[in-house]
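Scroll down for the structure; my scribbles are underneath it.
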Amino acid sequence: MAEPAASSPAPSTCLEVDGLTLSFGGVHALDDVALDVRHGEVFAIIGPNGAGKTSLLNSISGLYRPQKGSITYSASPGEEPASLLGRAPHKVAQLGVARSFQNIELFRAMSVLENLMLGRHIHMRGNVLTCGVYWGSQRREEIRHRAAVEDVIDFLEIENLRHQAVGTLAYGLQKRVELARALALDPKLLLLDEPMAGMNVEEKEDMARFILDVNEERGVTTVLIEHDMGVVMDLSDRVAVLDFGRSIACGTPDHVRADPAVIHAYLGDAG
Amino acid sequence: MESGIFFSDYRSDMALRRMPLQKVRTGLLLVGLVVFPFLATPYWLNLANQIAIATIGAIGLNILVGYTGQISLGQGAFMAIGAYGAGLLTVRFGVPFYISIPVAALITAVAGLVVGLPSLRLKGLYLAVATLAAQQIVEFVVTHWTGLTGGTEALVVPAPEMFGARLNTDGRFYWILIVVALAVALFAANLFRSRVGRAWVAIRDQDIAASAIGVNVFGYKLLAFATSSFLVGLSGALLAHYRSIVTWERFTIEVSISYLAMIIIGGLGTISGSFFGATLIVLLPAMINTVGRSLQDTAPWAATVLPYVQQGVFGLVIILFLVLEPEGLARLWRNVKDYFRVWPFSY
């Protein structure tokens, strides 16, 4: 896969994490973590269990509040970077950062359609009065965003599931609906926490295709956490490796694979 | 029998009543509500009015508990604020009932906002205890602030009048209550097919995911408290003008619990369930009374055990619903509809 830096003269940074430190009591979940994600790339975060990958994602999306360091984000090249640190989760989402969760966090009692309509929440204006009356502009707003949601439904090929309650869907499909909900937000940066965990080969292939399509056709910068090395090496433009809360390597898949520190973290010392 | 129904635009797919059969049912319901007062005895009219008031209160509580997932034991307190608010505005300042009722509901909404503040930090049972505190505080204030509320004395509200006619008879107040109850039901149903209602349900189902998708969780919790309290205050204010008398005994913790029973029996997170539950909880004691009176001659001892039977049946019904149909009467009604939708070809 081509290095995006080669095509554009100066690769612009979408997400920059620097010196990030997060501890819960005496436990250091993140310790001086640094990485940068460029606009338009698929960026993977890997590392052994408990390395701090999900903590990093939670810090970016505002669910955790790291004690030190910085997280800056710019939605598109040339846009002034904004700090995400200490921003409430819903305000991070409003900047165009969407995510999925490791253990599917869908709104189980709602239909697929309603879950996706929630993805449009930040783009809608309705308040208690206009929603309760549901007349004129509010009806038009709902219909307009329904059309946007239908685009995502077509894109991810879940037309037949529209009106089903997500709680009743198979695991693999729930993962896909969660990706759909994040996409409905029309994100500039997509954070995926183990999008393929627990899937069979076929489902993984589908999901990999969707992630690449999202990246290429919609131009969404994607950060994903994944354990399947085959998937990581095939999908991602660059990879960061975490171990015990520290970033030990960052670069192209081939570069990372050859890094002695990474080999040490995964396999231990030879002999 | 329904089959092969397709929609060619989003608007008809998103309508509240999508199917022809649903439209027919709604029409029949409206006709029934209009015809009812001409056929009913005053006894039944009185029960219908109680059901309408309880339905408004139950929809309010259901918005908070059933849809947003914030357990509240403060229903009685909010009804008290609505009732005393409307009563005092009319008694002290001579405000006409059609102004005092909405103003009292707004006051209750503000009170709900304050009671909802702990929901920033508290969830589930802990929040329930915080709302219980609100219930106790309001009860205490109502019974002890004699200068404002008259304390434990009843507050007598002058009869609402319009065009020189007294409106607090069963037959006349029925029309006010039916219009308000239908408007509230429609308002709530609309809320839950659009942006605000979806955000509330999202908070109930998965509050972390809701915040990550861009919902201001605390803001929407407060909004749920305010909207719910507005409707509960509305039902309290209507009750004050319907009864023409406000006493604190009508707004105790027992009221909070019987309203929770309504929405559990009716169906949490459903509009129709709020109505079914309100109907059952209003009719149940009335029916037991009727049975007890008819037994008076043959079995005089029946009258002495009647109060115990009432309470026992109340508890029994709640337990039976929790065990047999946790989704309540609304679910039973849906099962009946589903059965007849494809009848007689149930495959």
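Chain labels follow the order of the structure tokens: the first chain is A, the next B, and so on; residue numbering restarts at 1 in every chain, and ligands are counted from 1 in their shown order.
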Given a cut-off of 6 Å, which residues of chain B touch chain A, counting only C-alpha atoms, written out as a PDB file with all heavy atoms, in the first residue's frame?
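And here's part04.pdb as it stands now:
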```
ATOM      1  N   PHE B 187     -48.558  14.499  21.551  1.00  0.00           N
ATOM      2  CA  PHE B 187     -47.292  15.192  21.765  1.00  0.00           C
ATOM      3  C   PHE B 187     -46.194  14.189  22.130  1.00  0.00           C
ATOM      4  O   PHE B 187     -45.102  14.192  21.552  1.00  0.00           O
ATOM      5  CB  PHE B 187     -47.470  16.215  22.896  1.00  0.00           C
ATOM      6  CG  PHE B 187     -46.298  17.121  23.117  1.00  0.00           C
ATOM      7  CD1 PHE B 187     -46.127  18.266  22.359  1.00  0.00           C
ATOM      8  CD2 PHE B 187     -45.371  16.833  24.106  1.00  0.00           C
ATOM      9  CE1 PHE B 187     -45.048  19.108  22.572  1.00  0.00           C
ATOM     10  CE2 PHE B 187     -44.285  17.662  24.324  1.00  0.00           C
ATOM     11  CZ  PHE B 187     -44.123  18.809  23.553  1.00  0.00           C
ATOM     12  N   ASN B 190     -45.238  11.910  19.238  1.00  0.00           N
ATOM     13  CA  ASN B 190     -44.385  12.636  18.296  1.00  0.00           C
ATOM     14  C   ASN B 190     -42.955  12.752  18.806  1.00  0.00           C
ATOM     15  O   ASN B 190     -41.995  12.600  18.057  1.00  0.00           O
ATOM     16  CB  ASN B 190     -44.945  14.031  18.036  1.00  0.00           C
ATOM     17  CG  ASN B 190     -46.064  14.013  17.018  1.00  0.00           C
ATOM     18  OD1 ASN B 190     -46.128  13.106  16.185  1.00  0.00           O
ATOM     19  ND2 ASN B 190     -46.938  14.988  17.096  1.00  0.00           N
ATOM     20  N   LEU B 191     -42.829  13.022  20.113  1.00  0.00           N
ATOM     21  CA  LEU B 191     -41.489  13.150  20.701  1.00  0.00           C
ATOM     22  C   LEU B 191     -40.663  11.903  20.416  1.00  0.00           C
ATOM     23  O   LEU B 191     -39.476  11.989  20.088  1.00  0.00           O
ATOM     24  CB  LEU B 191     -41.583  13.340  22.210  1.00  0.00           C
ATOM     25  CG  LEU B 191     -41.819  14.747  22.729  1.00  0.00           C
ATOM     26  CD1 LEU B 191     -41.894  14.721  24.248  1.00  0.00           C
ATOM     27  CD2 LEU B 191     -40.691  15.663  22.291  1.00  0.00           C
ATOM     28  N   SER B 194     -38.971  11.296  16.970  1.00  0.00           N
ATOM     29  CA  SER B 194     -38.087  12.330  16.444  1.00  0.00           C
ATOM     30  C   SER B 194     -36.871  12.523  17.366  1.00  0.00           C
ATOM     31  O   SER B 194     -36.640  11.742  18.276  1.00  0.00           O
ATOM     32  CB  SER B 194     -38.855  13.638  16.238  1.00  0.00           C
ATOM     33  OG  SER B 194     -39.561  13.962  17.406  1.00  0.00           O
ATOM     34  N   ALA B 202     -31.933   6.612  23.963  1.00  0.00           N
ATOM     35  CA  ALA B 202     -30.511   6.273  23.850  1.00  0.00           C
ATOM     36  C   ALA B 202     -29.848   6.340  25.228  1.00  0.00           C
ATOM     37  O   ALA B 202     -29.034   5.484  25.579  1.00  0.00           O
ATOM     38  CB  ALA B 202     -29.812   7.218  22.882  1.00  0.00           C
ATOM     39  N   ASP B 205     -30.833   3.226  27.133  1.00  0.00           N
ATOM     40  CA  ASP B 205     -30.248   1.980  26.660  1.00  0.00           C
ATOM     41  C   ASP B 205     -28.736   1.930  26.863  1.00  0.00           C
ATOM     42  O   ASP B 205     -28.179   0.884  27.156  1.00  0.00           O
ATOM     43  CB  ASP B 205     -30.559   1.784  25.163  1.00  0.00           C
ATOM     44  CG  ASP B 205     -31.969   1.263  24.955  1.00  0.00           C
ATOM     45  OD1 ASP B 205     -32.674   1.100  25.954  1.00  0.00           O
ATOM     46  OD2 ASP B 205     -32.353   1.027  23.804  1.00  0.00           O
ATOM     47  N   GLN B 206     -28.030   3.039  26.665  1.00  0.00           N
ATOM     48  CA  GLN B 206     -26.565   3.019  26.653  1.00  0.00           C
ATOM     49  C   GLN B 206     -26.062   4.450  26.790  1.00  0.00           C
ATOM     50  O   GLN B 206     -25.811   5.120  25.797  1.00  0.00           O
ATOM     51  CB  GLN B 206     -26.088   2.461  25.305  1.00  0.00           C
ATOM     52  CG  GLN B 206     -25.380   1.144  25.393  1.00  0.00           C
ATOM     53  CD  GLN B 206     -24.326   1.130  26.448  1.00  0.00           C
ATOM     54  OE1 GLN B 206     -23.650   2.131  26.664  1.00  0.00           O
ATOM     55  NE2 GLN B 206     -24.182   0.030  27.142  1.00  0.00           N
ATOM     56  N   ALA B 209     -22.570   5.279  25.046  1.00  0.00           N
ATOM     57  CA  ALA B 209     -22.655   5.362  23.586  1.00  0.00           C
ATOM     58  C   ALA B 209     -23.418   6.614  23.171  1.00  0.00           C
ATOM     59  O   ALA B 209     -23.091   7.249  22.171  1.00  0.00           O
ATOM     60  CB  ALA B 209     -23.331   4.114  23.026  1.00  0.00           C
ATOM     61  N   SER B 211     -23.448   9.509  24.659  1.00  0.00           N
ATOM     62  CA  SER B 211     -22.568  10.679  24.715  1.00  0.00           C
ATOM     63  C   SER B 211     -21.549  10.647  23.579  1.00  0.00           C
ATOM     64  O   SER B 211     -21.213  11.676  23.001  1.00  0.00           O
ATOM     65  CB  SER B 211     -21.873  10.766  26.078  1.00  0.00           C
ATOM     66  OG  SER B 211     -20.935   9.726  26.222  1.00  0.00           O
ATOM     67  N   ALA B 212     -21.083   9.437  23.216  1.00  0.00           N
ATOM     68  CA  ALA B 212     -20.081   9.338  22.156  1.00  0.00           C
ATOM     69  C   ALA B 212     -20.671   9.645  20.778  1.00  0.00           C
ATOM     70  O   ALA B 212     -19.937   9.986  19.856  1.00  0.00           O
ATOM     71  CB  ALA B 212     -19.442   7.948  22.149  1.00  0.00           C
ATOM     72  N   ILE B 213     -22.004   9.533  20.636  1.00  0.00           N
ATOM     73  CA  ILE B 213     -22.629   9.831  19.352  1.00  0.00           C
ATOM     74  C   ILE B 213     -23.054  11.300  19.300  1.00  0.00           C
ATOM     75  O   ILE B 213     -23.545  11.785  18.280  1.00  0.00           O
ATOM     76  CB  ILE B 213     -23.821   8.869  19.093  1.00  0.00           C
ATOM     77  CG1 ILE B 213     -24.084   8.698  17.608  1.00  0.00           C
ATOM     78  CG2 ILE B 213     -25.076   9.315  19.802  1.00  0.00           C
ATOM     79  CD1 ILE B 213     -23.091   7.832  16.929  1.00  0.00           C
ATOM     80  N   GLY B 214     -22.841  12.023  20.403  1.00  0.00           N
ATOM     81  CA  GLY B 214     -23.079  13.466  20.360  1.00  0.00           C
ATOM     82  C   GLY B 214     -24.266  13.951  21.178  1.00  0.00           C
ATOM     83  O   GLY B 214     -24.666  15.105  21.061  1.00  0.00           O
ATOM     84  N   VAL B 215     -24.848  13.068  22.012  1.00  0.00           N
ATOM     85  CA  VAL B 215     -25.972  13.499  22.845  1.00  0.00           C
ATOM     86  C   VAL B 215     -25.430  14.077  24.153  1.00  0.00           C
ATOM     87  O   VAL B 215     -24.630  13.431  24.833  1.00  0.00           O
ATOM     88  CB  VAL B 215     -26.914  12.311  23.160  1.00  0.00           C
ATOM     89  CG1 VAL B 215     -28.010  12.738  24.124  1.00  0.00           C
ATOM     90  CG2 VAL B 215     -27.511  11.754  21.881  1.00  0.00           C
ATOM     91  N   ASN B 216     -25.869  15.280  24.479  1.00  0.00           N
ATOM     92  CA  ASN B 216     -25.488  15.900  25.750  1.00  0.00           C
ATOM     93  C   ASN B 216     -26.299  15.228  26.859  1.00  0.00           C
ATOM     94  O   ASN B 216     -27.434  15.612  27.142  1.00  0.00           O
ATOM     95  CB  ASN B 216     -25.781  17.395  25.678  1.00  0.00           C
ATOM     96  CG  ASN B 216     -25.430  18.105  26.963  1.00  0.00           C
ATOM     97  OD1 ASN B 216     -25.083  17.477  27.968  1.00  0.00           O
ATOM     98  ND2 ASN B 216     -25.515  19.413  26.948  1.00  0.00           N
TER      99      ASN B 216
END
```
### Task
Find the spatial neighbours of region 213-225 of chain A, counting only C-alpha atoms, within a cut-off of 9 Å - ignore same-chain residues fewer than 6 positions away - and output them as a list in words.
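Surrounding residues, per the criterion: Cys14, Val37, Arg38, His39, Gly40, Glu41, Val42, Phe43, Ala44, Ile45, Ile46, Gly47, Lys53, Thr54, Leu57, Phe155, Leu183, Asp186, Pro187, Lys188, Leu189, Leu190, Leu191, Leu192, Asp193, Glu194, Pro195, Val232 and Ser236 of chain A.
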### Message
Give me, as a PyMOL selection string, the residues of region 96-232 of chain B that a backbone DSSP run labels strand (DSSP E).
### Response
chain B and resi 155-156+161-162+165-166
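Among B:Gln135, B:Thr41, B:Thr26, B:Gln50, the residue with the shortest atom-to-atom distance to Leu283 (chain B), counting only C-alpha atoms, is B:Gln50.
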### Task
Could you jot down the CA of Met14 (chain B) to CA of Arg193 (chain B) separation for me, Å, one decimal place?
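For CA of Met14 (chain B) relative to CA of Arg193 (chain B), the distance reads 8.0 Å.
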### Message
Report, in Å with one decimal, the straight-line distance from CA of Leu182 (chain B) to CA of Ser100 (chain B).
### Response
20.1 Å
### Task
Skip Ile60 (chain A) itself and residues of its chain fewer than 6 positions away, then list as number ranges by chain all residues within 10 Å of it, counting only C-alpha atoms.
A: 15-17, 54, 66, 70-73, 83-87, 89, 92, 97, 191
Write a file of the just-selected residues containing N, CA and C atoms, as a PDB file, in the first residue's frame.
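This is the output file again-v3.pdb:
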```pdb
ATOM      1  N   LEU A  15      -4.742  13.922  13.648  1.00  0.00           N
ATOM      2  CA  LEU A  15      -4.811  13.704  15.085  1.00  0.00           C
ATOM      3  C   LEU A  15      -3.390  13.601  15.625  1.00  0.00           C
ATOM      4  N   GLU A  16      -3.087  14.400  16.633  1.00  0.00           N
ATOM      5  CA  GLU A  16      -1.753  14.324  17.208  1.00  0.00           C
ATOM      6  C   GLU A  16      -1.866  14.124  18.717  1.00  0.00           C
ATOM      7  N   VAL A  17      -1.256  13.044  19.190  1.00  0.00           N
ATOM      8  CA  VAL A  17      -1.237  12.746  20.620  1.00  0.00           C
ATOM      9  C   VAL A  17       0.203  12.908  21.085  1.00  0.00           C
ATOM     10  N   THR A  54      -7.439   0.677  24.330  1.00  0.00           N
ATOM     11  CA  THR A  54      -8.797   1.212  24.512  1.00  0.00           C
ATOM     12  C   THR A  54      -8.771   2.470  25.374  1.00  0.00           C
ATOM     13  N   PRO A  66      -7.162  12.312  30.723  1.00  0.00           N
ATOM     14  CA  PRO A  66      -5.754  12.083  31.040  1.00  0.00           C
ATOM     15  C   PRO A  66      -5.199  13.235  31.899  1.00  0.00           C
ATOM     16  N   SER A  70      -1.144  16.082  25.512  1.00  0.00           N
ATOM     17  CA  SER A  70      -2.061  16.822  24.645  1.00  0.00           C
ATOM     18  C   SER A  70      -2.631  15.919  23.568  1.00  0.00           C
ATOM     19  N   ILE A  71      -3.868  16.235  23.168  1.00  0.00           N
ATOM     20  CA  ILE A  71      -4.493  15.588  22.019  1.00  0.00           C
ATOM     21  C   ILE A  71      -5.045  16.713  21.156  1.00  0.00           C
ATOM     22  N   THR A  72      -4.529  16.855  19.945  1.00  0.00           N
ATOM     23  CA  THR A  72      -5.084  17.891  19.069  1.00  0.00           C
ATOM     24  C   THR A  72      -5.609  17.240  17.805  1.00  0.00           C
ATOM     25  N   TYR A  73      -6.628  17.883  17.236  1.00  0.00           N
ATOM     26  CA  TYR A  73      -7.345  17.290  16.112  1.00  0.00           C
ATOM     27  C   TYR A  73      -7.741  18.383  15.139  1.00  0.00           C
ATOM     28  N   SER A  83      -7.859  21.371  20.545  1.00  0.00           N
ATOM     29  CA  SER A  83      -7.511  20.400  21.584  1.00  0.00           C
ATOM     30  C   SER A  83      -8.737  19.587  21.963  1.00  0.00           C
ATOM     31  N   LEU A  84      -8.557  18.260  22.058  1.00  0.00           N
ATOM     32  CA  LEU A  84      -9.670  17.405  22.466  1.00  0.00           C
ATOM     33  C   LEU A  84      -9.621  17.108  23.954  1.00  0.00           C
ATOM     34  N   LEU A  85      -8.484  17.451  24.574  1.00  0.00           N
ATOM     35  CA  LEU A  85      -8.278  17.079  25.966  1.00  0.00           C
ATOM     36  C   LEU A  85      -9.270  17.810  26.871  1.00  0.00           C
ATOM     37  N   GLY A  86      -9.965  17.043  27.716  1.00  0.00           N
ATOM     38  CA  GLY A  86     -10.894  17.649  28.657  1.00  0.00           C
ATOM     39  C   GLY A  86     -12.202  18.089  28.037  1.00  0.00           C
ATOM     40  N   ARG A  87     -12.387  17.781  26.762  1.00  0.00           N
ATOM     41  CA  ARG A  87     -13.648  18.110  26.097  1.00  0.00           C
ATOM     42  C   ARG A  87     -14.649  17.001  26.381  1.00  0.00           C
ATOM     43  N   PRO A  89     -17.503  14.190  25.897  1.00  0.00           N
ATOM     44  CA  PRO A  89     -17.660  13.279  24.754  1.00  0.00           C
ATOM     45  C   PRO A  89     -18.589  13.820  23.667  1.00  0.00           C
ATOM     46  N   VAL A  92     -16.789  16.302  21.568  1.00  0.00           N
ATOM     47  CA  VAL A  92     -15.835  15.681  20.646  1.00  0.00           C
ATOM     48  C   VAL A  92     -16.586  15.171  19.418  1.00  0.00           C
ATOM     49  N   VAL A  97     -15.877  13.445  15.227  1.00  0.00           N
ATOM     50  CA  VAL A  97     -15.170  12.234  15.637  1.00  0.00           C
ATOM     51  C   VAL A  97     -16.204  11.199  16.064  1.00  0.00           C
ATOM     52  N   LEU A 191     -13.028   6.188  14.873  1.00  0.00           N
ATOM     53  CA  LEU A 191     -12.267   5.371  15.800  1.00  0.00           C
ATOM     54  C   LEU A 191     -12.967   4.025  15.954  1.00  0.00           C
TER      55      LEU A 191
END
```
### Message
One number please: CA of Leu56 (chain A) to CA of Gln102 (chain A), in Å, one decimal.
### Response
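Separating CA of Leu56 (chain A) from CA of Gln102 (chain A) is a distance of 13.0 Å.
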### Task
Have a look at A:Gly172, A:Asp228, A:Ala265, A:Val256 and name the one nearest to Ala240 (chain A); count only C-alpha atoms.
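Of all the options, A:Val256 lies closest to Ala240 (chain A).
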### Message
Just want the 12 Å neighbourhood of region 85-93 of chain B, counted on only C-alpha atoms, with same-chain residues fewer than 5 positions away dropped. Output as a PyMOL selection string.
### Response
chain B and resi 77-80+98-109+111+142+147-150+154-161+233-247
Let's have the selection written as a JSON list (two decimals), in the first residue's frame, with C-alpha atoms.
```
[["chain", "number", "residue", "atom", "x", "y", "z"],
["B", 77, "ALA", "CA", -44.65, 15.78, 44.90],
["B", 78, "PHE", "CA", -44.86, 17.01, 41.30],
["B", 79, "MET", "CA", -48.63, 16.49, 41.24],
["B", 80, "ALA", "CA", -48.84, 18.42, 44.52],
["B", 98, "TYR", "CA", -57.24, 28.22, 31.67],
["B", 99, "ILE", "CA", -54.24, 30.32, 32.69],
["B", 100, "SER", "CA", -53.54, 28.88, 36.12],
["B", 101, "ILE", "CA", -53.34, 25.31, 34.77],
["B", 102, "PRO", "CA", -50.54, 25.90, 32.22],
["B", 103, "VAL", "CA", -48.69, 28.26, 34.59],
["B", 104, "ALA", "CA", -48.81, 25.64, 37.36],
["B", 105, "ALA", "CA", -47.46, 23.07, 34.90],
["B", 106, "LEU", "CA", -44.57, 25.41, 34.05],
["B", 107, "ILE", "CA", -43.80, 25.92, 37.75],
["B", 108, "THR", "CA", -43.72, 22.14, 38.17],
["B", 109, "ALA", "CA", -41.34, 21.85, 35.19],
["B", 111, "ALA", "CA", -39.23, 22.16, 40.15],
["B", 142, "VAL", "CA", -47.17, 21.63, 51.91],
["B", 147, "GLY", "CA", -49.50, 30.66, 55.54],
["B", 148, "LEU", "CA", -49.24, 29.64, 51.89],
["B", 149, "THR", "CA", -51.04, 26.31, 51.50],
["B", 150, "GLY", "CA", -53.33, 26.24, 54.49],
["B", 154, "ALA", "CA", -58.15, 21.52, 52.53],
["B", 155, "LEU", "CA", -57.68, 24.26, 49.93],
["B", 156, "VAL", "CA", -61.04, 25.01, 48.34],
["B", 157, "VAL", "CA", -60.76, 26.15, 44.73],
["B", 158, "PRO", "CA", -63.67, 28.08, 43.17],
["B", 159, "ALA", "CA", -65.35, 26.22, 40.32],
["B", 160, "PRO", "CA", -63.88, 26.97, 36.89],
["B", 161, "GLU", "CA", -66.30, 29.01, 34.81],
["B", 233, "GLY", "CA", -47.93, 19.14, 37.09],
["B", 234, "LEU", "CA", -50.55, 19.50, 34.36],
["B", 235, "SER", "CA", -52.43, 16.46, 35.63],
["B", 236, "GLY", "CA", -52.20, 17.78, 39.22],
["B", 237, "ALA", "CA", -53.52, 21.19, 38.13],
["B", 238, "LEU", "CA", -56.41, 19.60, 36.24],
["B", 239, "LEU", "CA", -57.20, 17.50, 39.31],
["B", 240, "ALA", "CA", -57.35, 20.64, 41.49],
["B", 241, "HIS", "CA", -59.87, 22.33, 39.21],
["B", 242, "TYR", "CA", -61.87, 19.17, 38.62],
["B", 243, "ARG", "CA", -62.24, 18.31, 42.32],
["B", 244, "SER", "CA", -62.39, 21.97, 43.42],
["B", 245, "ILE", "CA", -60.53, 20.87, 46.51],
["B", 246, "VAL", "CA", -56.83, 20.25, 47.15],
["B", 247, "THR", "CA", -55.63, 18.22, 50.12]]
```
### Message
Residues near region 59-73 of chain B, anyone? I mean within 6 Å using only C-alpha atoms, not counting same-chain ones fewer than 4 positions away, as a VMD selection string.
### Response
chain B and resid 128 131 to 132 200 to 201 204 224 228 231 to 232 256 268 to 269 274
Now that the selection is made, can you save its residues with C-alpha atoms as a PDB file, in the first residue's frame?
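Now in again27.pdb:
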```pdb
ATOM      1  CA  ALA B 128     -34.600   7.116  43.179  1.00  0.00           C
ATOM      2  CA  THR B 131     -36.247  11.897  44.253  1.00  0.00           C
ATOM      3  CA  LEU B 132     -37.703  10.319  47.404  1.00  0.00           C
ATOM      4  CA  TRP B 200     -33.845   9.997  25.732  1.00  0.00           C
ATOM      5  CA  VAL B 201     -34.208   6.334  24.794  1.00  0.00           C
ATOM      6  CA  ARG B 204     -31.765   4.715  28.855  1.00  0.00           C
ATOM      7  CA  ALA B 224     -36.607  14.737  30.543  1.00  0.00           C
ATOM      8  CA  SER B 228     -42.054  14.883  32.575  1.00  0.00           C
ATOM      9  CA  LEU B 231     -47.078  16.886  32.271  1.00  0.00           C
ATOM     10  CA  VAL B 232     -47.332  15.577  35.842  1.00  0.00           C
ATOM     11  CA  SER B 256     -45.905   7.988  43.575  1.00  0.00           C
ATOM     12  CA  LEU B 268     -42.666   0.893  30.461  1.00  0.00           C
ATOM     13  CA  GLY B 269     -41.741   3.112  27.544  1.00  0.00           C
ATOM     14  CA  SER B 274     -49.659   4.650  30.210  1.00  0.00           C
TER      15      SER B 274
END
```
### Task
Would you please give, as number ranges by chain, all residues of region 97-130 of chain A that DSSP assigns to helix (DSSP H, G or I) based on the backbone?
A: 112-119, 121-123, 128-130
### Query
So, counting only C-alpha atoms, which residue among B:Ile53, B:Ala303, B:Leu332, B:Val196 is closest to Val217 (chain B)?
B:Val196
